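Reviewing the structure listed below.
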Amino acid sequence: MDAGRELGLETLKMPKAIREEDCIQCGKCAFGCPADAKWSGKDFIDEAVNDGATFISEAEVTEVIVEDSKVKGVKYVKNGVEESVFSDTVILSAGAIGSTLLLRSAGIDAGRQIFFDPFVTVGGYIKDINFNTEVQMAGLVIGNNFVLSPHFSSFTIGNIDDEKVENKDILSIMVKTADEAKGYVDDDGDVVKINTIEDIRYLAEGVATAGFILEKAGVDPRTIGSTLYRGAHPGGTAPIGEIVDSNQETEIKGLFVSDASVLPISPGKPPILTILALSKRLSDYLKNK
Ligand SMILES: Cc1cc2nc3c(=O)[nH]c(=O)nc-3n(C[C@H](O)[C@H](O)[C@H](O)COP(=O)(O)OP(=O)(O)OC[C@H]3O[C@@H](n4cnc5c(N)ncnc54)[C@H](O)[C@@H]3O)c2cc1C
Ligand code: SF4
């Protein structure tokens with residue numbers, strides 16, 4: 001964080017979906033929390049069920065039912081059996097790829113563009129730093145074209161050319177950028193992603209800055225390596241203003257989308273709070289309509 005400030009970059013503590021009093025600092029946040037210290041969408045489902053909602057789990061929605069340009073419900077498969085549930089309001093929240101396929105089942109041509117917030121994790125050797133057991137992504141350094149966050153990845157070690165290095169000896173930083181929404185989801189749900197020169201340039205700027213910070217933090221610069229280029233935030237497949245309107249409704253009356261699909265551009269930053277805020281706004285809209 002100090003090295004980020006030295007470069008004149010904004011630095012802050014990352015807001016986390018963690019009840020800090022319950023956290024046992026095991027560093028396994030991306031794999032399910034053994035102490036149940038993270039809040040998640042499940043908390044909202046529990047609230048809805050307590051208020052009388054019916055929750056159908058382990059079910060795959062296969063089709064949106066539409067009649068006369070109005071939504072009528074969905075078909076789903078549970079335990080190999082197809083069932084239907086009927087309603088004049090349906091909100092798709094199956095993620096950028098899942099919602100695309102369901103929108104297409106309703107005749108809406110979604111998924112002709114996609115962003116995914118590309119990232120790499122770069123790291124190097126500091127003996128016994130034990131960073132791999134800390135809460136991950138606890139801080140944020142904000143550049144013009146990238147964000148950086150302390151992040152351990154088990155893929156980093158394979159790219160460090162030194163056999164004595166163990167996971168406990170790695171300090172690493174995630175470099176994440178916004179990307180252009182070039183690419184598409186095909187009809188099988190596979191993603192074709194096209195990276196532009198601008199995407200690569202932003203990532204290179206972030207990687208160079210991360211290298212500077214790692215060296216300042218004591219990493220031996222000769223050991224710095226990177227993971228492959230990946231994306232963990234698929235979105236933008238049903239953007240507001242194109243596939244949904246400003247109330248997240250599609251051209252089919254009563255059919256809404258509320259997930260990362262509706263984000264019109266790549267945030268280049270962790271998107272959960274934005275997705276959550278949009279969903280809360282949509283529920284207020286539907287309540288007061
Ligand atoms: C390892 C990892 C770490 C991340 N860390 C952070 C972070 O720290 N902060 C942050 O802000 N973001 C983080 N993200 C990104 C964030 O998780 C996603 O951007 C966000 O969850 C997207 O929300 P969504 O509602 O669009 O889709 P999802 O969260 O993917 O929800 C879609 C759900 O729909 C279900 N589904 C799909 N198709 C169907 C169907 N046909 N029928 C029934 N169900 C279906 C899926 O199983 C899934 O449960 C991380 C992502 C990854 C992969
Ligand atoms: S570090 Fe992450 S997984 Fe471990 S207890 Fe804390 S919140 Fe849960």
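Chains: A, B, ... in order of the structure tokens. Residues: from 1 per chain. Ligands: from 1, in order shown.
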Subject >> Contacts with ligand 1 at most 7 Å, only C-alpha atoms and all ligand atoms counted, listed as a ChimeraX atom specification >> reply: /A:16,30,59-62,93-96,98-99,102,232-235,259-261,270-273,275
Would you list the residues that come within 9 Å of ligand 2? Count only C-alpha atoms and all ligand atoms and give the answer as an mmCIF file with C-alpha atoms, in the first residue's frame.
data_model
loop_
_atom_site.group_PDB
_atom_site.id
_atom_site.type_symbol
_atom_site.label_atom_id
_atom_site.label_comp_id
_atom_site.auth_asym_id
_atom_site.auth_seq_id
_atom_site.Cartn_x
_atom_site.Cartn_y
_atom_site.Cartn_z
ATOM 1 C CA LYS A 16 -15.143 -7.454 1.847
ATOM 2 C CA ALA A 17 -18.234 -9.600 2.234
ATOM 3 C CA ILE A 18 -16.815 -10.892 5.536
ATOM 4 C CA ARG A 19 -18.176 -10.702 9.086
ATOM 5 C CA GLU A 20 -14.781 -9.812 10.537
ATOM 6 C CA ASP A 22 -16.122 -14.613 12.685
ATOM 7 C CA CYS A 23 -13.076 -14.720 10.354
ATOM 8 C CA ILE A 24 -10.255 -17.101 11.373
ATOM 9 C CA GLN A 25 -7.772 -15.753 8.744
ATOM 10 C CA CYS A 26 -7.354 -19.020 6.847
ATOM 11 C CA GLY A 27 -7.031 -17.479 3.348
ATOM 12 C CA LYS A 28 -9.517 -19.899 1.757
ATOM 13 C CA CYS A 29 -12.123 -17.282 0.798
ATOM 14 C CA ALA A 30 -12.432 -18.385 -2.837
ATOM 15 C CA PHE A 31 -13.083 -22.025 -1.857
ATOM 16 C CA GLY A 32 -15.990 -21.704 0.618
ATOM 17 C CA CYS A 33 -15.582 -20.429 4.140
ATOM 18 C CA PRO A 34 -14.978 -23.012 6.928
ATOM 19 C CA ALA A 35 -16.068 -20.474 9.589
ATOM 20 C CA ASP A 36 -19.216 -19.260 7.772
ATOM 21 C CA ALA A 37 -17.800 -15.749 8.094
ATOM 22 C CA LYS A 38 -18.767 -14.597 4.599
ATOM 23 C CA TRP A 39 -22.173 -13.197 3.747
ATOM 24 C CA THR A 133 -2.857 -17.871 4.644
ATOM 25 C CA GLU A 134 -3.998 -14.231 4.806
ATOM 26 C CA VAL A 135 -7.416 -12.853 3.824
ATOM 27 C CA GLN A 136 -7.008 -12.240 0.119
#
Original post:
How many Å separate atom CA of A:Lys287 from atom CA of A:Thr54?
Top reply: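 Distance reported for this atom pair: 17.7 Å.
Within stretch 174-218 of chain A, the backbone-based DSSP assignment of strand (DSSP E or B) covers Met174, Val175, Lys176, Gly183, Tyr184, Val185, Val191, Val192 and Lys193 of chain A.
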Original post:
What does the distance between atom CA of A:Phe152 and atom CA of A:Phe212 come to in Å, to one decimal place?
Top reply: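 Interatomic distance, atom CA of A:Phe152 to atom CA of A:Phe212: 17.3 Å.
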Subject >> Polymer residues at most 7 Å from A:Ile224, only C-alpha atoms, same-chain spacing of 2 or more positions, as a count of residues only >> reply: 6
Original post:
Which one of A:Ala110, A:Met174, A:Ala217, A:Ile252 sits closest to A:Gly139 if you count only C-alpha atoms?
Top reply: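 Counting only C-alpha atoms, the residue closest to A:Gly139 is A:Met174.
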Subject >> Every residue of stretch 54-247 of chain A that DSSP places in alpha helix (DSSP H), as a VMD selection string >> reply: chain A and resid 95 to 105 197 to 216
Subject >> Residue nearest A:Asp68 - candidates A:Ala106, A:Val165, A:Gly8, A:Ile197, atoms counted: only C-alpha atoms >> reply: A:Ala106
Pick out the residues sitting within 10 Å of A:Arg112, and hand them over as a PDB file with C-alpha atoms, in the first residue's frame; count only C-alpha atoms, and ignore anything fewer than 2 positions along from it in its own chain.
ATOM      1  CA  THR A 100     -27.771 -15.226 -22.294  1.00  0.00           C
ATOM      2  CA  ASP A 109     -30.549 -12.030 -29.209  1.00  0.00           C
ATOM      3  CA  ALA A 110     -28.322 -11.527 -26.132  1.00  0.00           C
ATOM      4  CA  ILE A 114     -19.000  -9.914 -23.548  1.00  0.00           C
ATOM      5  CA  ALA A 181     -16.701  -6.096 -24.713  1.00  0.00           C
ATOM      6  CA  LYS A 182     -15.393  -7.880 -27.811  1.00  0.00           C
ATOM      7  CA  GLY A 183     -16.440 -11.503 -28.094  1.00  0.00           C
ATOM      8  CA  TYR A 184     -19.630 -13.549 -27.836  1.00  0.00           C
ATOM      9  CA  VAL A 185     -21.391 -16.494 -26.188  1.00  0.00           C
ATOM     10  CA  ASP A 186     -22.196 -19.282 -28.637  1.00  0.00           C
ATOM     11  CA  GLY A 236     -22.211  -7.153 -20.485  1.00  0.00           C
ATOM     12  CA  THR A 237     -24.174  -9.759 -22.469  1.00  0.00           C
ATOM     13  CA  ALA A 238     -27.576  -8.066 -21.954  1.00  0.00           C
TER      14      ALA A 238
END
Subject >> Contact residues around A:Ile126 with only C-alpha atoms at 6 Å, ignoring same-chain residues under 3 positions, as a list in words >> reply: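 The residues that qualify are Ile129, Asp169, Ile170 and Val219 of chain A.
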Contact residues around stretch 198-202 of chain A with only C-alpha atoms at 10 Å, ignoring same-chain residues under 2 positions, as a PDB file with N, CA and C atoms, in the first residue's frame:
ATOM      1  N   ASP A 117     -13.270  -8.631 -17.514  1.00  0.00           N
ATOM      2  CA  ASP A 117     -12.330  -8.070 -16.538  1.00  0.00           C
ATOM      3  C   ASP A 117     -11.052  -8.932 -16.440  1.00  0.00           C
ATOM      4  N   PRO A 118     -10.200  -8.884 -17.448  1.00  0.00           N
ATOM      5  CA  PRO A 118      -9.019  -9.760 -17.440  1.00  0.00           C
ATOM      6  C   PRO A 118      -8.083  -9.488 -16.264  1.00  0.00           C
ATOM      7  N   GLY A 143      -5.140   2.471 -10.253  1.00  0.00           N
ATOM      8  CA  GLY A 143      -4.449   3.218 -11.311  1.00  0.00           C
ATOM      9  C   GLY A 143      -5.471   3.742 -12.318  1.00  0.00           C
ATOM     10  N   ASN A 144      -5.002   4.464 -13.331  1.00  0.00           N
ATOM     11  CA  ASN A 144      -5.939   4.990 -14.337  1.00  0.00           C
ATOM     12  C   ASN A 144      -6.580   3.869 -15.136  1.00  0.00           C
ATOM     13  N   ASN A 145      -5.780   2.865 -15.484  1.00  0.00           N
ATOM     14  CA  ASN A 145      -6.267   1.823 -16.395  1.00  0.00           C
ATOM     15  C   ASN A 145      -6.248   0.428 -15.782  1.00  0.00           C
ATOM     16  N   PHE A 146      -6.041   0.338 -14.460  1.00  0.00           N
ATOM     17  CA  PHE A 146      -5.947  -0.986 -13.823  1.00  0.00           C
ATOM     18  C   PHE A 146      -6.207  -0.834 -12.331  1.00  0.00           C
ATOM     19  N   VAL A 175      -3.423  -8.143 -10.904  1.00  0.00           N
ATOM     20  CA  VAL A 175      -3.550  -6.971 -11.780  1.00  0.00           C
ATOM     21  C   VAL A 175      -4.819  -7.171 -12.594  1.00  0.00           C
ATOM     22  N   LYS A 176      -5.765  -6.255 -12.418  1.00  0.00           N
ATOM     23  CA  LYS A 176      -7.050  -6.421 -13.123  1.00  0.00           C
ATOM     24  C   LYS A 176      -7.354  -5.162 -13.929  1.00  0.00           C
ATOM     25  N   THR A 177      -7.908  -5.349 -15.122  1.00  0.00           N
ATOM     26  CA  THR A 177      -8.200  -4.188 -15.966  1.00  0.00           C
ATOM     27  C   THR A 177      -9.629  -4.291 -16.508  1.00  0.00           C
ATOM     28  N   ALA A 178     -10.121  -3.162 -17.013  1.00  0.00           N
ATOM     29  CA  ALA A 178     -11.365  -3.192 -17.781  1.00  0.00           C
ATOM     30  C   ALA A 178     -11.003  -3.616 -19.203  1.00  0.00           C
ATOM     31  N   ASP A 179     -11.875  -4.407 -19.839  1.00  0.00           N
ATOM     32  CA  ASP A 179     -11.618  -4.796 -21.233  1.00  0.00           C
ATOM     33  C   ASP A 179     -12.772  -4.344 -22.126  1.00  0.00           C
ATOM     34  N   GLU A 180     -12.483  -4.264 -23.408  1.00  0.00           N
ATOM     35  CA  GLU A 180     -13.550  -3.962 -24.362  1.00  0.00           C
ATOM     36  C   GLU A 180     -14.441  -5.202 -24.486  1.00  0.00           C
ATOM     37  N   ILE A 194     -12.261 -11.921 -27.504  1.00  0.00           N
ATOM     38  CA  ILE A 194     -11.241 -11.279 -28.337  1.00  0.00           C
ATOM     39  C   ILE A 194     -10.601 -10.171 -27.512  1.00  0.00           C
ATOM     40  N   ASN A 195      -9.288 -10.215 -27.383  1.00  0.00           N
ATOM     41  CA  ASN A 195      -8.592  -9.186 -26.615  1.00  0.00           C
ATOM     42  C   ASN A 195      -7.990  -8.167 -27.567  1.00  0.00           C
ATOM     43  N   THR A 196      -8.189  -6.909 -27.254  1.00  0.00           N
ATOM     44  CA  THR A 196      -7.720  -5.849 -28.143  1.00  0.00           C
ATOM     45  C   THR A 196      -6.337  -5.373 -27.682  1.00  0.00           C
ATOM     46  N   ALA A 204      -0.379  -4.556 -19.302  1.00  0.00           N
ATOM     47  CA  ALA A 204       1.078  -4.385 -19.214  1.00  0.00           C
ATOM     48  C   ALA A 204       1.428  -3.231 -18.260  1.00  0.00           C
ATOM     49  N   GLU A 205       0.652  -2.143 -18.307  1.00  0.00           N
ATOM     50  CA  GLU A 205       0.891  -1.020 -17.378  1.00  0.00           C
ATOM     51  C   GLU A 205       0.729  -1.490 -15.929  1.00  0.00           C
ATOM     52  N   GLY A 206      -0.331  -2.271 -15.697  1.00  0.00           N
ATOM     53  CA  GLY A 206      -0.598  -2.762 -14.337  1.00  0.00           C
ATOM     54  C   GLY A 206       0.492  -3.715 -13.858  1.00  0.00           C
ATOM     55  N   VAL A 207       0.947  -4.593 -14.750  1.00  0.00           N
ATOM     56  CA  VAL A 207       1.980  -5.574 -14.379  1.00  0.00           C
ATOM     57  C   VAL A 207       3.277  -4.847 -14.008  1.00  0.00           C
ATOM     58  N   TYR A 229      -3.212 -15.308 -18.375  1.00  0.00           N
ATOM     59  CA  TYR A 229      -4.242 -14.269 -18.497  1.00  0.00           C
ATOM     60  C   TYR A 229      -5.621 -14.938 -18.345  1.00  0.00           C
TER      61      TYR A 229
END
**OP:** Could you give me, as number ranges by chain, the residues within 8 Å of A:Lys75, counting only C-alpha atoms and dropping anything in the same chain fewer than 6 positions from it?
**Re:** A: 61-65, 82-85
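Closest approach to A:Gly158 among A:Gly111, A:Gly41, A:Gly225, A:Gly189 is made by A:Gly225 (distances from only C-alpha atoms).
Atom CA of A:Val192 is found 21.6 Å from atom CA of A:Ile240.
Nearest residue to A:Thr156, choosing from A:Val141, A:Leu171, A:Leu282, A:Val244 and counting only C-alpha atoms: A:Leu171.
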Original post:
With only C-alpha atoms as the atoms that count, which of A:Ile56, A:Leu228, A:Ile45, A:Val77 lies nearest to A:Ile157?
Top reply: A:Leu228
